[in-house]
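**Q** A single structure is presented below for examination.
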Amino acid sequence: MHQTFDITRTSRKIISQLLQDFTLEQLNTIPEGFNNNIIWNIGHIVVVQQMLVYKLSGLPMLISDEMVQKYQKGSKPEHQVTQEEVAEIQSLLFETINQTKADFNSKKFHSFQEYATSTGFTIKNVEDALSFNYFHEAIHLGVILSIRKFV
């Protein structure tokens, strides 16, 4: 499992660097042909990891309900993100994965609600959730890389 956390941390370093490369206006821009923007994809990455790992384990998530509402599956950008929100998302990229690793190592995850993903994979335990998460993050990193060409 240590490699899973290393892969996720590497992905988030790349995403964090991309986040720093854009202006607030660019982060909020939804290019023609896209349903969302760069900052939504990054917020979505944070939220989905928390939902897959903590919520499905029956544990409190490390993020606010407001953040979940803004970035969960099925949501879309409905407001202009502020610089303060960008800073919060930036810090949550690492805070959440570091805490998840600490919680995993201390065996905090005891139960799990099985979940069938929209890609057809069934997540049966926290280890599956962590593995699926880096697949999910890679999909959204690809979307971010596509959007950046148009902002």
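Chain lettering (A, B, ...) mirrors the order of the structure tokens, residue numbering begins at 1 for each chain separately, and ligand numbering begins at 1 in order of display.
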So which residues touch Asn125 (chain A) within 8 Å, counting only C-alpha atoms, skipping near sequence neighbours fewer than 6 positions away, as a list in words?
**A**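 Near neighbours after the sequence-gap exclusion: Ser111, Phe112, Gln113 and Glu114 of chain A.
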**Q** What does the file look like for those residues with N, CA, C and O atoms, as a short mmCIF file (atom, residue, chain, number, x, y, z; two decimals), in the first residue's frame?
**A**
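Written output follows (selection25.cif):
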data_model
loop_
_atom_site.label_atom_id
_atom_site.label_comp_id
_atom_site.auth_asym_id
_atom_site.auth_seq_id
_atom_site.Cartn_x
_atom_site.Cartn_y
_atom_site.Cartn_z
N SER A 111 -14.59 -0.92 8.67
CA SER A 111 -15.71 -1.40 7.86
C SER A 111 -15.71 -0.67 6.52
O SER A 111 -15.04 0.35 6.36
N PHE A 112 -16.48 -1.18 5.59
CA PHE A 112 -16.53 -0.55 4.27
C PHE A 112 -17.84 -0.91 3.60
O PHE A 112 -18.27 -2.06 3.60
N GLN A 113 -18.47 0.10 2.99
CA GLN A 113 -19.69 -0.09 2.21
C GLN A 113 -19.29 -0.29 0.75
O GLN A 113 -18.75 0.62 0.12
N GLU A 114 -19.53 -1.46 0.22
CA GLU A 114 -19.16 -1.75 -1.17
C GLU A 114 -19.78 -0.73 -2.11
O GLU A 114 -20.91 -0.27 -1.89
#
**Q** Can you tell me, as a list of chain:residue names, what residues are no more than 10 Å from Phe121 (chain A) when counting only C-alpha atoms, ignoring any on the same chain fewer than 6 positions away?
**A**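 My reading of the contact set: A:Tyr115, A:Asp128, A:Phe132.
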**Q** Once you have the residues from the selection above, write them out as a PDB file, in the first residue's frame, restricted to C-alpha atoms.
**A**
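Generated file (out.pdb):
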ATOM      1  CA  TYR A 115     -19.498   0.668  -4.085  1.00  0.00           C
ATOM      2  CA  ASP A 128      -9.584  -1.020  -3.345  1.00  0.00           C
ATOM      3  CA  PHE A 132      -9.156   3.125  -7.558  1.00  0.00           C
TER       4      PHE A 132
END
**Q** Between A:Val143, A:Val47, A:Leu19, A:Val126, which one has atoms that come closest to Gln72 (chain A), using only C-alpha atoms?
**A**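 For Gln72 (chain A), the nearest of the given residues is A:Val47.
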**Q** Which polymer residues have any atom within 12 Å of an atom of Gln69 (chain A), counting only C-alpha atoms, with same-chain residues fewer than 2 positions away left out, as a list of chain:residue names?
**A**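 The residues that qualify are A:Trp40, A:Gly43, A:His44, A:Val47, A:Val48, A:Met51, A:Ile63, A:Ser64, A:Asp65, A:Glu66, A:Met67, A:Tyr71, A:Gln72, A:Lys73, A:Gly74, A:Ser75, A:Lys76, A:Pro77, A:Glu78.
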**Q** Would you write out those residues with C-alpha atoms, as a compact mmCIF listing (two decimals), in the first residue's frame?
**A**
# COMPACT_ATOMS: atom_id res chain seq x y z
CA TRP A 40 -13.29 22.16 -10.34
CA GLY A 43 -11.47 20.19 -6.01
CA HIS A 44 -13.23 17.11 -7.35
CA VAL A 47 -13.63 15.39 -2.60
CA VAL A 48 -13.81 12.02 -4.34
CA MET A 51 -15.80 10.08 -0.20
CA ILE A 63 -13.42 18.25 4.27
CA SER A 64 -16.54 20.39 4.70
CA ASP A 65 -20.01 19.47 3.49
CA GLU A 66 -19.93 22.69 1.46
CA MET A 67 -16.87 21.49 -0.40
CA TYR A 71 -17.14 19.28 -6.17
CA GLN A 72 -18.86 15.90 -5.84
CA LYS A 73 -19.72 13.69 -8.79
CA GLY A 74 -22.54 15.25 -10.77
CA SER A 75 -21.76 18.80 -9.69
CA LYS A 76 -20.44 21.53 -11.97
CA PRO A 77 -18.77 24.89 -11.48
CA GLU A 78 -21.50 27.30 -10.43
**Q** Quick one: everything within 8 Å of Thr4 (chain A), counting only C-alpha atoms, minus sequence neighbours fewer than 5 positions away in the same chain. Send it as a PyMOL selection string.
**A** chain A and resi 130-131+134
**Q** Find the residues around region 97-110 of chain A up to 12 Å (only C-alpha atoms counted), leave out those fewer than 6 positions away in its own chain, and share them as a tab-separated table (two decimals) with N, CA, C and O atoms, in the first residue's frame.
**A**
chain	number	residue	atom	x	y	z
A	1	MET	N	0.80	-1.21	0.00
A	1	MET	CA	0.00	0.00	0.00
A	1	MET	C	0.85	1.27	0.00
A	1	MET	O	0.36	2.31	-0.39
A	2	HIS	N	2.09	1.15	0.44
A	2	HIS	CA	2.93	2.35	0.47
A	2	HIS	C	3.11	2.92	-0.94
A	2	HIS	O	3.15	4.13	-1.11
A	3	GLN	N	3.20	2.03	-1.93
A	3	GLN	CA	3.34	2.51	-3.30
A	3	GLN	C	2.09	3.26	-3.76
A	3	GLN	O	2.19	4.26	-4.47
A	4	THR	N	0.93	2.82	-3.31
A	4	THR	CA	-0.31	3.50	-3.66
A	4	THR	C	-0.28	4.94	-3.15
A	4	THR	O	-0.63	5.87	-3.88
A	5	PHE	N	0.16	5.13	-1.92
A	5	PHE	CA	0.27	6.49	-1.38
A	5	PHE	C	1.33	7.29	-2.11
A	5	PHE	O	1.15	8.48	-2.35
A	6	ASP	N	2.44	6.65	-2.48
A	6	ASP	CA	3.49	7.35	-3.22
A	6	ASP	C	2.99	7.81	-4.59
A	6	ASP	O	3.28	8.92	-5.04
A	7	ILE	N	2.22	6.95	-5.26
A	7	ILE	CA	1.66	7.32	-6.57
A	7	ILE	C	0.71	8.50	-6.42
A	7	ILE	O	0.76	9.46	-7.19
A	8	THR	N	-0.16	8.43	-5.42
A	8	THR	CA	-1.10	9.53	-5.20
A	8	THR	C	-0.37	10.82	-4.86
A	8	THR	O	-0.72	11.89	-5.36
A	9	ARG	N	0.64	10.73	-4.01
A	9	ARG	CA	1.40	11.93	-3.65
A	9	ARG	C	2.10	12.52	-4.89
A	9	ARG	O	2.13	13.74	-5.07
A	10	THR	N	2.64	11.68	-5.75
A	10	THR	CA	3.28	12.15	-6.98
A	10	THR	C	2.27	12.84	-7.88
A	10	THR	O	2.54	13.93	-8.41
A	11	SER	N	1.10	12.24	-8.03
A	11	SER	CA	0.04	12.85	-8.83
A	11	SER	C	-0.32	14.22	-8.28
A	11	SER	O	-0.46	15.19	-9.03
A	12	ARG	N	-0.43	14.30	-6.97
A	12	ARG	CA	-0.84	15.56	-6.35
A	12	ARG	C	0.26	16.62	-6.43
A	12	ARG	O	-0.04	17.80	-6.49
A	13	LYS	N	1.51	16.21	-6.46
A	13	LYS	CA	2.59	17.18	-6.66
A	13	LYS	C	2.48	17.80	-8.05
A	13	LYS	O	2.65	19.00	-8.22
A	45	ILE	N	-11.06	16.06	-7.27
A	45	ILE	CA	-10.08	15.04	-6.87
A	45	ILE	C	-10.03	14.91	-5.35
A	45	ILE	O	-10.04	13.80	-4.81
A	46	VAL	N	-9.97	16.04	-4.66
A	46	VAL	CA	-9.92	16.03	-3.19
A	46	VAL	C	-11.20	15.41	-2.63
A	46	VAL	O	-11.15	14.54	-1.75
A	47	VAL	N	-12.35	15.85	-3.12
A	47	VAL	CA	-13.63	15.39	-2.60
A	47	VAL	C	-13.84	13.89	-2.84
A	47	VAL	O	-14.24	13.16	-1.94
A	48	VAL	N	-13.57	13.43	-4.03
A	48	VAL	CA	-13.81	12.02	-4.34
A	48	VAL	C	-12.92	11.12	-3.49
A	48	VAL	O	-13.38	10.08	-3.00
A	49	GLN	N	-11.68	11.49	-3.28
A	49	GLN	CA	-10.81	10.68	-2.43
A	49	GLN	C	-11.40	10.55	-1.03
A	49	GLN	O	-11.43	9.47	-0.45
A	50	GLN	N	-11.91	11.65	-0.51
A	50	GLN	CA	-12.49	11.62	0.83
A	50	GLN	C	-13.77	10.77	0.87
A	50	GLN	O	-13.99	10.02	1.82
A	51	MET	N	-14.57	10.86	-0.17
A	51	MET	CA	-15.80	10.08	-0.20
A	51	MET	C	-15.51	8.60	-0.36
A	51	MET	O	-16.12	7.76	0.31
A	52	LEU	N	-14.58	8.26	-1.23
A	52	LEU	CA	-14.24	6.85	-1.45
A	52	LEU	C	-13.64	6.21	-0.21
A	52	LEU	O	-13.97	5.08	0.14
A	53	VAL	N	-12.75	6.91	0.44
A	53	VAL	CA	-12.00	6.31	1.54
A	53	VAL	C	-12.71	6.49	2.88
A	53	VAL	O	-12.90	5.52	3.61
A	54	TYR	N	-13.11	7.69	3.20
A	54	TYR	CA	-13.69	7.95	4.53
A	54	TYR	C	-15.20	7.68	4.57
A	54	TYR	O	-15.68	6.96	5.45
A	55	LYS	N	-15.94	8.27	3.67
A	55	LYS	CA	-17.40	8.12	3.72
A	55	LYS	C	-17.81	6.67	3.58
A	55	LYS	O	-18.66	6.18	4.34
A	56	LEU	N	-17.21	5.96	2.62
A	56	LEU	CA	-17.57	4.55	2.43
A	56	LEU	C	-17.07	3.67	3.59
A	56	LEU	O	-17.54	2.55	3.75
A	57	SER	N	-16.16	4.20	4.38
A	57	SER	CA	-15.69	3.48	5.58
A	57	SER	C	-16.51	3.87	6.81
A	57	SER	O	-16.24	3.40	7.91
A	58	GLY	N	-17.46	4.78	6.63
A	58	GLY	CA	-18.29	5.21	7.74
A	58	GLY	C	-17.60	6.16	8.69
A	58	GLY	O	-18.01	6.31	9.85
A	59	LEU	N	-16.56	6.83	8.22
A	59	LEU	CA	-15.79	7.76	9.05
A	59	LEU	C	-16.02	9.20	8.60
A	59	LEU	O	-16.33	9.43	7.42
A	60	PRO	N	-15.84	10.16	9.50
A	60	PRO	CA	-15.99	11.57	9.10
A	60	PRO	C	-14.93	11.96	8.07
A	60	PRO	O	-13.76	11.58	8.19
A	61	MET	N	-15.37	12.70	7.07
A	61	MET	CA	-14.43	13.18	6.06
A	61	MET	C	-13.64	14.36	6.61
A	61	MET	O	-14.08	15.02	7.56
A	62	LEU	N	-12.51	14.63	6.01
A	62	LEU	CA	-11.61	15.70	6.44
A	62	LEU	C	-11.92	17.02	5.73
A	62	LEU	O	-11.14	17.96	5.82
A	63	ILE	N	-13.02	17.07	5.03
A	63	ILE	CA	-13.42	18.25	4.27
A	63	ILE	C	-14.84	18.66	4.67
A	63	ILE	O	-15.58	17.86	5.24
A	91	SER	N	-3.92	23.34	-0.18
A	91	SER	CA	-3.45	22.71	1.06
A	91	SER	C	-4.11	21.36	1.28
A	91	SER	O	-3.48	20.42	1.77
A	125	ASN	N	-13.27	-2.70	-0.43
A	125	ASN	CA	-12.60	-2.39	0.84
A	125	ASN	C	-11.76	-1.13	0.67
A	125	ASN	O	-11.66	-0.59	-0.43
A	126	VAL	N	-11.17	-0.67	1.76
A	126	VAL	CA	-10.42	0.59	1.71
A	126	VAL	C	-9.21	0.48	0.79
A	126	VAL	O	-8.84	1.46	0.13
A	127	GLU	N	-8.60	-0.68	0.72
A	127	GLU	CA	-7.45	-0.86	-0.18
A	127	GLU	C	-7.88	-0.66	-1.64
A	127	GLU	O	-7.19	0.00	-2.42
A	129	ALA	N	-10.41	1.13	-2.58
A	129	ALA	CA	-10.73	2.55	-2.71
A	129	ALA	C	-9.48	3.37	-2.98
A	129	ALA	O	-9.48	4.26	-3.83
A	130	LEU	N	-8.41	3.07	-2.25
A	130	LEU	CA	-7.16	3.80	-2.44
A	130	LEU	C	-6.57	3.54	-3.82
A	130	LEU	O	-6.08	4.45	-4.48
A	133	ASN	N	-8.71	5.22	-6.43
A	133	ASN	CA	-8.56	6.67	-6.36
A	133	ASN	C	-7.45	7.18	-7.27
A	133	ASN	O	-7.61	8.19	-7.93
A	134	TYR	N	-6.30	6.50	-7.30
A	134	TYR	CA	-5.26	7.06	-8.16
A	134	TYR	C	-5.59	6.90	-9.64
A	134	TYR	O	-5.20	7.71	-10.46
**Q** From a DSSP pass on the backbone, collect the residues of region 6-147 of chain A flagged as helix (DSSP H, G or I) and hand them back as a count of residues only.
**A** 91
**Q** From the list A:Ala87, A:Leu93, A:Asn28, A:Ile42, which residue is nearest Leu145 (chain A) when using only C-alpha atoms?
**A**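 Of all the options, A:Ile42 lies closest to Leu145 (chain A).
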**Q** Could you write out, as number ranges by chain, all the residues of region 5-134 of chain A that DSSP marks as strand (DSSP E)?
**A** A: 115-116, 122-123
